[in-house]
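Asker: Supplied in structure tokens, the structure appears directly below.
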Amino acid sequence: MKRFGLSANERIKSRNDFELVYTSGEVLFSSSNRLKAAILIRNENEEAVLKTAFAVSRKCGNAVWRNRVKRLLRESFRLNKESLKAEVDSKRKFLLVVLSPNTINQKKNKKIILKDIMNDVIDLLNQIRAKL
RNA sequence: GAUUCAUGUUGGGCAGUUGCCCCGCUUACCAGCGGGGAGGAAAGUCCGAACUCCGCAGAACAAAGUGCCGGGUAACUCCCGGGGUGCCGAUUUAUUCGGUACACGGAAAGUGCCACAGAAAAAACACAGCCCCGAGUUUAUCGAGGGGCAACGGUGAAAAGGCAGGGUAAAAGCCUACCGCUCCGGAAGUAAUUCCGGUGGUCUCGAAAGAGAUCCCGACUUUGUCGGGACAGGGCAAACCCCACUUGGUGCAAGGUCAAGCAGAAGGUUUCCGCAGGGUUCGCCCUCGGACAGGGUUGUUCGCCCUGAGCGCCUUCGGGUAGACCGCUUGAUUGCAGCAGUAAUGCUGUGACGAGAUAAAUAACUGCCGUCCCGAUUUUUUUCGGGAAACAGAAUUCGGCUUAUAGACAUGAAUCAUCA
RNA sequence: UGCCCCGUAGUGUAAUUGGCAACACGUCUGACUCUGGAUCAGAAGACUUCAGGUUCGACCCCUGACGGGGCAG
């Protein structure tokens, strides 16, 4: 397994998993309120599972902007997921995460770069780790 | 030379690290190596097709669309060429040239509408008015009444061909010349269309269309033939409509293959014993007793209690959900050259092809170079620091149209400045 | 991917054979009141989303953009 990779079986791909997260999960907000994360935690599981997805609503901006935000979210998650992964592996949790933008949109943040996203992602990951 | 606008082309490059998607190979479920990975609009979804399934003997109607003519094309609400009309500019004084815009069939098939104003808004019930006759009487520049007329007046977006002359009681295409319109004939052109010539009367038959006779005019093959308007009824069809032409519906989540789970159907299995009792359609069923199996009862054994069902299990079948795969990218493709054509485009030769995802990849960061801007330094060149780089993301595939686009380059127009 | 609807004062709605853009709330000014509210009187506020076209004349008809909303699988 690559250290900073994010391959297909680490991502949420089925519709059932999404409905699980949105119906029975809970929602966390970053400290600056710019991002939000919907998560689902289950304790008893044979093997540790950590799956992620990145969702951006159509109301935030056009297709180019939405794709860019998703790529930046994925990039910052990919670079900072190591400690969360170790926690999940040691405690044998089942964890689903969906990261989304909360207050940022294309009108306010036309040009968006990685530094704008990274700190909020790290903050959200720390919150999730505290919940485990 | 600068700025602005319009049109067209282009839409930064190289290297490294960390990642993602597809293909191939090595491996064996973890990886490694190699190759490839957004656009001119991928957008809007406004048209046209390919392809798919469904429907369909044929015809007609309905509905929708198109609408000067010819060509191109697989097809088109597209493109090219030509014509007409309007506007602008130049030339010039009645034409020619250039640019530009145009949904540009039919208003004489019918229906409808044209507010306000105006007498009247469509084959005029004529307001003010003009002219003639004129009872009457106050004899006048009066006038009941009857008749003729539509020139002139104001309104309006639009008022029933224009102008001039004749004509008349006053008038009128009532007549004439020119123009315009319509129609007819001839010529040019594939056609739209253009050019040239002509565009009178009387009588008879007929509902009309039209036919015939005669006079006149013109032409010619010259005594015969041919041709010869009704000056009418404005606009709107992006109002209904008429005419001509076109169109079956559906859309890759089309459609097809495999197929968990759940539900369904069919079949099999569905404990054994009793000279016990009863019933029987002779397959079997019910009751009782015993064994056997499973469960419960307290931790174990015995004992006791419950159960032995059409339940469960197994096999097969059809349809088919989740899911997987195919459709899925080489095609009405495109660069260059030649030929045909005014052009759109076509043909031939030769070369190229390098996305195929499906909660949806094509990215992030760093450095250097190139472009532009700002600041410092410098006579300038240079150097240093900071900043900017658009519109926008494939989703079955093509042909168009429309819209969005920083900077650079090219062409054209306008304005300003400088020089000659 | 395909399809449908809407756009009018600050806000919510009217206005159709095509003929003066209307109403309510809100805003402003004045009156009443010690002040405010309520009430009364009056006023302002629209290039009818934008750009073209048809027409004498367009919120209305046509074409193209832009924005918003919705539906189906």
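We name chains A, B, ... following the order of the structure tokens; residues begin at 1 in each chain, and ligands are numbered from 1 as shown.
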Pick out the residues sitting within 7 Å of A:Arg78, and hand them over as a PyMOL selection string; count only C-alpha atoms (C1' of nucleotides), and ignore anything fewer than 5 positions along from it in its own chain.
Answerer: chain A and resi 4-6
Asker: May I have the residues of chain B within 9 Å of chain A, counting only C-alpha atoms (C1' of nucleotides), written as a CSV table (one decimal) with C-alpha atoms (C1' of nucleotides), in the first residue's frame?
Answerer:
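Okay, out-v2.csv is ready:
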```csv
chain,number,residue,atom,x,y,z
B,18,U,C1',3.8,12.9,-4.7
B,19,G,C1',-0.9,10.9,-6.7
B,20,C,C1',-5.4,9.3,-10.1
B,30,C,C1',0.4,-6.8,-3.3
B,31,A,C1',3.2,-4.3,-6.7
B,359,A,C1',-20.2,9.2,-6.6
B,363,A,C1',-4.2,16.6,-10.6
B,364,A,C1',-1.1,19.1,-6.5
B,392,A,C1',-14.1,27.1,-19.4
B,393,G,C1',-14.1,20.2,-18.0
```
Asker: Mind checking which residues fall within 12 Å of stretch 123-136 of chain B, counting only C-alpha atoms (C1' of nucleotides), ignoring those fewer than 6 positions away in the same chain, and posting them as a list in words?
Answerer: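 Contacts, with the query itself left out: C142, G143, A144, G145, G146, G147, G148, C149, A150, A151, C152, G153, G154, A159, A160, U168, A169, A170, A171, A232 and G233 of chain B.
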Asker: What is the atom C1' of C:U39-atom C1' of C:A9 distance in Å, reported with one decimal?
Answerer: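 Going from atom C1' of C:U39 over to atom C1' of C:A9, I get 25.4 Å.
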Asker: Run DSSP on the backbone and tell me which residues of chain A come out as strand (DSSP E or B); list them as a list in words.
Answerer: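 So the strand (DSSP E or B) residues in chain A would be Arg11, Glu26, Val27, Leu28, Phe29, Leu35, Lys36, Ala37, Ala38, Ile39, Leu40, Ile41, Arg42, Val49, Leu50, Lys51, Thr52, Ala53, Phe54, Phe94, Leu95, Leu96, Val97, Val98, Leu99, Ser100 and Pro101 of chain A.
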Asker: Restricting the calculation to only C-alpha atoms, which member of A:Tyr22, A:Arg66, A:Phe94, A:Val49 is positioned closest to A:Lys111?
Answerer: A:Arg66
Asker: Residues within 12 Å of A:Asn126, please, as a PyMOL selection string. Count only C-alpha atoms (C1' of nucleotides); anything in the same chain fewer than 3 positions from it doesn't count.
Answerer: chain A and resi 28-31+37+77+80-85+87+119-123+129-132
Asker: Mind checking which residues fall within 12 Å of C:A24, counting only C-alpha atoms (C1' of nucleotides), ignoring those fewer than 3 positions away in the same chain, and posting them as a PyMOL selection string?
Answerer: chain C and resi 11-14
Asker: Write out, as a compact mmCIF listing (two decimals), in the first residue's frame, the residues just selected, with N, CA and C atoms (P, O5', C5', C4', C3', O3' and C1' of nucleotides).
Answerer:
```txt
# COMPACT_ATOMS: atom_id res chain seq x y z
P U C 11 -37.57 43.62 -5.33
O5' U C 11 -38.69 43.08 -4.33
C5' U C 11 -38.33 42.29 -3.20
C4' U C 11 -39.57 41.88 -2.44
C3' U C 11 -40.64 41.16 -3.23
O3' U C 11 -40.36 39.77 -3.40
C1' U C 11 -41.66 42.84 -1.95
P G C 12 -40.92 39.03 -4.71
O5' G C 12 -42.48 38.91 -4.44
C5' G C 12 -42.98 38.09 -3.39
C4' G C 12 -44.47 38.24 -3.24
C3' G C 12 -45.29 37.96 -4.49
O3' G C 12 -45.50 36.57 -4.69
C1' G C 12 -46.04 39.95 -3.47
P U C 13 -45.71 36.01 -6.16
O5' U C 13 -46.59 37.14 -6.85
C5' U C 13 -47.61 36.80 -7.78
C4' U C 13 -48.83 37.66 -7.56
C3' U C 13 -49.61 37.99 -8.82
O3' U C 13 -50.50 36.95 -9.19
C1' U C 13 -49.31 39.95 -7.53
P A C 14 -50.77 36.72 -10.74
O5' A C 14 -51.90 37.78 -11.09
C5' A C 14 -51.62 38.89 -11.91
C4' A C 14 -52.70 39.92 -11.78
C3' A C 14 -53.28 40.40 -13.11
O3' A C 14 -54.31 39.56 -13.57
C1' A C 14 -52.68 42.26 -11.79
```
Asker: Residues within 12 Å of C:C40, please, as a JSON list (two decimals) with C-alpha atoms (C1' of nucleotides), in the first residue's frame. Count only C-alpha atoms (C1' of nucleotides); anything in the same chain fewer than 4 positions from it doesn't count.
Answerer:
```
[["chain", "number", "residue", "atom", "x", "y", "z"],
["C", 30, "G", "C1'", -47.56, 66.22, 6.38],
["C", 31, "A", "C1'", -51.63, 66.00, 10.15],
["C", 32, "C", "C1'", -53.16, 63.85, 14.98]]
```
Asker: Just want the 12 Å neighbourhood of B:A417, counted on only C-alpha atoms (C1' of nucleotides), with same-chain residues fewer than 3 positions away dropped. Output as a PyMOL selection string.
Answerer: chain B and resi 1-3
Asker: Quick one: write out the picked residues with C-alpha atoms (C1' of nucleotides) as a compact mmCIF listing (two decimals), in the first residue's frame?
Answerer:
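In the end it all went to selection-v5.txt:
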```txt
# COMPACT_ATOMS: atom_id res chain seq x y z
C1' G B 1 2.97 55.45 -33.62
C1' A B 2 -0.99 55.00 -29.78
C1' U B 3 -6.10 53.83 -28.30
```
Asker: Which residues of chain C have any atom within 10 Å of an atom in stretch 103-108 of chain B when counting only C-alpha atoms (C1' of nucleotides), and what is the closest pair of atoms for each, with the distance in Å to one decimal? Order the rows by chain and rising number and write it as a Markdown table.
Answerer:
```
| residue | atom | partner | partner_atom | distance |
| --- | --- | --- | --- | --- |
| C:G53 | C1' | B:A103 | C1' | 9.6 |
| C:U54 | C1' | B:A103 | C1' | 9.6 |
| C:C62 | C1' | B:A103 | C1' | 8.9 |
| C:U63 | C1' | B:A103 | C1' | 9.2 |
```
Asker: Write the residues of the preceding selection, restricted to N, CA, C and O atoms (P, O5', C5', C4', C3', O3' and C1' of nucleotides), as a short mmCIF file (atom, residue, chain, number, x, y, z; two decimals), in the first residue's frame.
Answerer:
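Generated output (out_30.cif):
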```cif
data_model
loop_
_atom_site.label_atom_id
_atom_site.label_comp_id
_atom_site.auth_asym_id
_atom_site.auth_seq_id
_atom_site.Cartn_x
_atom_site.Cartn_y
_atom_site.Cartn_z
P G C 53 -34.17 46.18 -35.19
"O5'" G C 53 -35.29 45.25 -35.82
"C5'" G C 53 -34.95 44.34 -36.86
"C4'" G C 53 -35.94 43.21 -36.96
"C3'" G C 53 -37.37 43.61 -37.30
"O3'" G C 53 -37.54 43.88 -38.67
"C1'" G C 53 -37.36 41.98 -35.58
P U C 54 -38.64 45.01 -39.12
"O5'" U C 54 -40.01 44.24 -38.91
"C5'" U C 54 -40.33 43.09 -39.69
"C4'" U C 54 -41.68 42.53 -39.29
"C3'" U C 54 -42.82 43.54 -39.28
"O3'" U C 54 -43.35 43.75 -40.56
"C1'" U C 54 -42.86 42.24 -37.30
P C C 62 -45.14 33.92 -30.05
"O5'" C C 62 -44.02 34.22 -31.13
"C5'" C C 62 -44.18 33.80 -32.47
"C4'" C C 62 -43.01 34.23 -33.32
"C3'" C C 62 -41.63 33.84 -32.80
"O3'" C C 62 -41.31 32.49 -33.09
"C1'" C C 62 -41.60 36.09 -33.47
P U C 63 -40.36 31.67 -32.07
"O5'" U C 63 -38.92 32.28 -32.34
"C5'" U C 63 -38.33 32.15 -33.63
"C4'" U C 63 -37.03 32.93 -33.71
"C3'" U C 63 -36.03 32.66 -32.60
"O3'" U C 63 -35.33 31.45 -32.78
"C1'" U C 63 -36.17 34.98 -33.00
#
```
Asker: Identify all residues of chain A in helix (DSSP H, G or I) (DSSP on the backbone) and supply them as JSON, numbers by chain.
Answerer: {"A": [8, 9, 10, 15, 16, 17, 18, 19, 20, 21, 22, 23, 24, 63, 64, 65, 66, 67, 68, 69, 70, 71, 72, 73, 74, 75, 76, 77, 78, 79, 80, 82, 83, 84, 85, 86, 87, 88, 89, 90, 91, 114, 115, 116, 117, 118, 119, 120, 121, 122, 123, 124, 125, 126, 127, 128, 129, 130, 131]}
